[in-house]
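Presented below is the structure to which this report refers.
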Amino acid sequence: MRGLSVGRSSRGCLVGVGLAVLLVTCVPTPSSAVRPLPALPITFVVGRIEGRAIVDDAWIDAQVEMANRVYHPHGLAFVRAGRRALLRPAVVRSTADRDALAREAERGVINAFVVEHLGDAADPDDAIGGRHWRARGRQYVIVARECWRDTLAHEIGHFLGHRGHSDVIGNLMSYLRVLPVSRLTDAQASAMRRAARRYLRTGELRAGARGATRSPRRQIV
């Protein structure tokens, strides 16, 4: 058992600070009955280096699994809708590079672009773990290969309307997140459900299976 865990976040590559007792926390139980929404689809667009994909299916499944661990108690779930190769280079340094990904974004899903290097806007050589981005009337998330397992979950929170970052250690929308599972407040989750309903209603996201918020597996290795 580790006493202190520090990882990389989706911005400055700092992910989590937690006490040992928090590291063995199980998936939280909903405080009240929440009617689950249809699962939201994620399509992964994976970068390639020298013709080979930079991540495998296990990496993708771990990111989706972690997202479901966090969001499941709040009636939100995600399913992998597809995987395809990124046509552009797998190095995203500038804001123009981020904008260009919009051309490869698919309608009706959360597009998750997986890249080898994601540069900070202020310093492209400074690698960050993830970013929610809007361009050309689309929104999508970008995650780096060496991001932490809750980075996709964090960026999905921004996709679902959360602005800024929490200053509470252990909150999913903070730069300081506990491992293995960070949490959302009821207020955060309620706002994200509203955004999800709006996206489903307008067609920005297509509905998956209702009731797909099964309890995720207990362990992430």
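Chains: A, B, ... in order of the structure tokens. Residues: from 1 per chain. Ligands: from 1, in order shown.
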Legend entry - Shell around A:Ala189 at 10 Å using only C-alpha atoms, local window under 2 positions removed, as a PyMOL selection string: chain A and resi 71+73-76+157+160+162+183-187+191-195
Inset, instruction - Enumerate, as number ranges by chain, the complete set of residues in stretch 57-218 of chain A that a backbone-based DSSP assignment places in strand (DSSP E or B). - result: A: 78-85, 91-92, 108, 110-115, 117-119, 127, 130-135, 138-144, 166, 171, 174, 183, 205
Which polymer residues have any atom within 9 Å of an atom of A:Val114, counting only C-alpha atoms, with same-chain residues fewer than 5 positions away left out, as a JSON list (two decimals) with N, CA and C atoms, in the first residue's frame?
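See around11.json below for the written result:
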```
[["chain", "number", "residue", "atom", "x", "y", "z"],
["A", 44, "PHE", "N", -12.46, 6.54, -30.55],
["A", 44, "PHE", "CA", -11.04, 6.83, -30.34],
["A", 44, "PHE", "C", -10.35, 6.95, -31.70],
["A", 45, "VAL", "N", -9.66, 8.07, -31.89],
["A", 45, "VAL", "CA", -8.91, 8.32, -33.11],
["A", 45, "VAL", "C", -7.43, 8.29, -32.70],
["A", 46, "VAL", "N", -6.76, 7.23, -33.07],
["A", 46, "VAL", "CA", -5.46, 6.90, -32.48],
["A", 46, "VAL", "C", -4.32, 7.25, -33.43],
["A", 47, "GLY", "N", -3.35, 7.97, -32.91],
["A", 47, "GLY", "CA", -2.17, 8.33, -33.68],
["A", 47, "GLY", "C", -1.29, 7.13, -33.96],
["A", 54, "ILE", "N", -0.12, 3.98, -31.48],
["A", 54, "ILE", "CA", 0.64, 4.31, -30.29],
["A", 54, "ILE", "C", 0.02, 3.73, -29.02],
["A", 55, "VAL", "N", -1.24, 3.30, -29.05],
["A", 55, "VAL", "CA", -1.86, 2.62, -27.92],
["A", 55, "VAL", "C", -2.61, 1.40, -28.41],
["A", 86, "LEU", "N", -5.68, 7.98, -36.74],
["A", 86, "LEU", "CA", -5.54, 9.42, -36.97],
["A", 86, "LEU", "C", -4.76, 9.63, -38.26],
["A", 90, "ALA", "N", 0.94, 12.38, -35.18],
["A", 90, "ALA", "CA", 0.54, 12.10, -33.80],
["A", 90, "ALA", "C", 1.15, 13.07, -32.80],
["A", 141, "VAL", "N", -12.06, 15.80, -27.34],
["A", 141, "VAL", "CA", -11.02, 15.74, -26.32],
["A", 141, "VAL", "C", -9.75, 15.17, -26.95],
["A", 142, "ILE", "N", -8.62, 15.62, -26.41],
["A", 142, "ILE", "CA", -7.31, 15.15, -26.88],
["A", 142, "ILE", "C", -6.58, 14.61, -25.65],
["A", 143, "VAL", "N", -6.06, 13.41, -25.74],
["A", 143, "VAL", "CA", -5.30, 12.83, -24.63],
["A", 143, "VAL", "C", -3.98, 12.30, -25.15],
["A", 144, "ALA", "N", -2.95, 12.45, -24.34],
["A", 144, "ALA", "CA", -1.63, 11.97, -24.71],
["A", 144, "ALA", "C", -1.45, 10.52, -24.30],
["A", 145, "ARG", "N", -0.62, 9.82, -25.02],
["A", 145, "ARG", "CA", -0.39, 8.40, -24.75],
["A", 145, "ARG", "C", 0.05, 8.17, -23.30]]
```
Legend entry - Which of stretch 27-206 of chain A DSSP labels alpha helix (DSSP H), written as a ChimeraX atom specification: /A:57-71,95-100,151-159,186-202
For C-alpha atoms, I'd like the residues from the last selection saved as a compact mmCIF listing (two decimals), in the first residue's frame.
```txt
# COMPACT_ATOMS: atom_id res chain seq x y z
CA ASP A 57 -7.07 -1.88 -27.01
CA ALA A 58 -6.11 -2.49 -23.38
CA TRP A 59 -5.08 1.17 -23.01
CA ILE A 60 -8.39 2.33 -24.48
CA ASP A 61 -10.43 -0.06 -22.35
CA ALA A 62 -8.65 1.13 -19.19
CA GLN A 63 -9.55 4.76 -19.95
CA VAL A 64 -13.22 3.89 -20.57
CA GLU A 65 -13.32 1.67 -17.49
CA MET A 66 -11.98 4.46 -15.29
CA ALA A 67 -14.49 6.94 -16.69
CA ASN A 68 -17.31 4.56 -15.88
CA ARG A 69 -16.01 4.02 -12.34
CA VAL A 70 -16.26 7.75 -11.69
CA TYR A 71 -19.52 8.53 -13.50
CA THR A 95 -3.35 25.57 -31.23
CA ALA A 96 -3.47 25.24 -35.03
CA ASP A 97 -2.65 21.54 -34.64
CA ARG A 98 -5.51 21.19 -32.17
CA ASP A 99 -7.88 23.02 -34.52
CA ALA A 100 -6.92 20.76 -37.41
CA THR A 151 -7.42 11.89 -17.86
CA LEU A 152 -10.13 10.90 -20.33
CA ALA A 153 -12.71 11.04 -17.52
CA HIS A 154 -11.47 14.51 -16.56
CA GLU A 155 -11.65 15.82 -20.13
CA ILE A 156 -15.11 14.32 -20.60
CA GLY A 157 -16.15 16.43 -17.61
CA HIS A 158 -15.16 19.51 -19.59
CA PHE A 159 -16.94 18.12 -22.66
CA ASP A 186 -23.63 15.88 -6.82
CA ALA A 187 -23.81 19.42 -8.18
CA GLN A 188 -21.12 18.77 -10.79
CA ALA A 189 -22.76 15.52 -11.85
CA SER A 190 -26.21 17.11 -12.06
CA ALA A 191 -24.88 19.80 -14.42
CA MET A 192 -23.13 17.17 -16.54
CA ARG A 193 -26.32 15.11 -16.81
CA ARG A 194 -28.15 18.20 -18.01
CA ALA A 195 -25.50 18.74 -20.67
CA ALA A 196 -25.67 15.08 -21.70
CA ARG A 197 -29.46 15.27 -22.06
CA ARG A 198 -29.08 18.40 -24.19
CA TYR A 199 -26.52 16.75 -26.46
CA LEU A 200 -28.75 13.70 -26.85
CA ARG A 201 -31.76 15.88 -27.59
CA THR A 202 -29.96 17.99 -30.20
```
Inset, instruction - Give me the residues within 12 Å of A:Ala81 as number ranges by chain, counting only C-alpha atoms and dropping any in the same chain fewer than 5 places off. - result: A: 39-45, 60-61, 64, 106-112, 205-209
Selection to disk with N, CA and C atoms, as a CSV table (one decimal), in the first residue's frame:
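Listed below is the output, part.csv:
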```
chain,number,residue,atom,x,y,z
A,39,ALA,N,-26.0,5.3,-22.5
A,39,ALA,CA,-24.6,5.4,-22.5
A,39,ALA,C,-24.1,6.3,-23.6
A,40,LEU,N,-23.1,7.1,-23.4
A,40,LEU,CA,-22.6,8.1,-24.4
A,40,LEU,C,-21.5,7.4,-25.1
A,41,PRO,N,-21.5,7.5,-26.5
A,41,PRO,CA,-20.5,6.8,-27.3
A,41,PRO,C,-19.2,7.6,-27.4
A,42,ILE,N,-18.1,6.9,-27.4
A,42,ILE,CA,-16.7,7.5,-27.6
A,42,ILE,C,-16.1,6.8,-28.7
A,43,THR,N,-15.6,7.6,-29.7
A,43,THR,CA,-14.8,7.0,-30.8
A,43,THR,C,-13.4,7.5,-30.6
A,44,PHE,N,-12.5,6.5,-30.5
A,44,PHE,CA,-11.0,6.8,-30.3
A,44,PHE,C,-10.4,7.0,-31.7
A,45,VAL,N,-9.7,8.1,-31.9
A,45,VAL,CA,-8.9,8.3,-33.1
A,45,VAL,C,-7.4,8.3,-32.7
A,60,ILE,N,-7.1,1.7,-24.3
A,60,ILE,CA,-8.4,2.3,-24.5
A,60,ILE,C,-9.4,1.8,-23.5
A,61,ASP,N,-9.5,0.5,-23.3
A,61,ASP,CA,-10.4,-0.1,-22.3
A,61,ASP,C,-10.2,0.4,-20.9
A,64,VAL,N,-11.7,3.9,-20.6
A,64,VAL,CA,-13.2,3.9,-20.6
A,64,VAL,C,-13.7,3.3,-19.2
A,106,GLU,N,-15.9,12.9,-35.9
A,106,GLU,CA,-17.1,12.2,-36.3
A,106,GLU,C,-18.3,12.8,-35.6
A,107,ARG,N,-19.4,12.9,-36.2
A,107,ARG,CA,-20.6,13.4,-35.6
A,107,ARG,C,-21.3,12.4,-34.7
A,108,GLY,N,-21.9,12.8,-33.7
A,108,GLY,CA,-22.7,11.9,-32.8
A,108,GLY,C,-22.0,11.2,-31.7
A,109,VAL,N,-20.7,11.4,-31.6
A,109,VAL,CA,-19.9,10.7,-30.6
A,109,VAL,C,-19.0,11.7,-29.9
A,110,ILE,N,-18.4,11.3,-28.8
A,110,ILE,CA,-17.3,12.0,-28.1
A,110,ILE,C,-16.1,11.6,-28.9
A,111,ASN,N,-15.4,12.4,-29.6
A,111,ASN,CA,-14.2,12.1,-30.3
A,111,ASN,C,-13.0,12.3,-29.3
A,112,ALA,N,-12.3,11.2,-29.1
A,112,ALA,CA,-11.1,11.2,-28.3
A,112,ALA,C,-9.9,10.9,-29.1
A,205,LEU,N,-24.8,14.1,-29.6
A,205,LEU,CA,-24.4,12.8,-29.3
A,205,LEU,C,-25.6,11.9,-29.6
A,206,ARG,N,-25.3,10.7,-30.1
A,206,ARG,CA,-26.4,9.7,-30.3
A,206,ARG,C,-26.5,8.8,-29.1
A,207,ALA,N,-27.7,8.3,-28.8
A,207,ALA,CA,-27.9,7.5,-27.6
A,207,ALA,C,-27.3,6.1,-27.8
A,208,GLY,N,-26.7,5.6,-26.7
A,208,GLY,CA,-26.3,4.2,-26.6
A,208,GLY,C,-27.5,3.5,-25.9
A,209,ALA,N,-27.1,2.4,-25.1
A,209,ALA,CA,-28.1,1.6,-24.5
A,209,ALA,C,-28.5,2.2,-23.2
```
Legend entry - Pick from A:Ala105, A:Arg177, A:Leu37, A:Val168, whichever lies nearest to A:Arg134 using only C-alpha atoms: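 Between A:Ala105, A:Arg177, A:Leu37, A:Val168, the residue approaching A:Arg134 most closely is A:Ala105.
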Legend entry - Which of A:Pro124, A:Gly170, A:His72, A:Gly161 sits closest to A:Arg93 [using only C-alpha atoms]: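 Under the stated criterion, the closest residue is A:Pro124.
Between atom CA of A:Glu146 and atom CA of A:His117 there is a distance of 8.5 Å.
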Inset, instruction - Kindly give the distance, in Å, that separates atom CA of A:Glu116 and atom CA of A:Val91, rounded to a single decimal. - result: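 Atom CA of A:Val91 lies at a distance of 5.6 Å from atom CA of A:Glu116.
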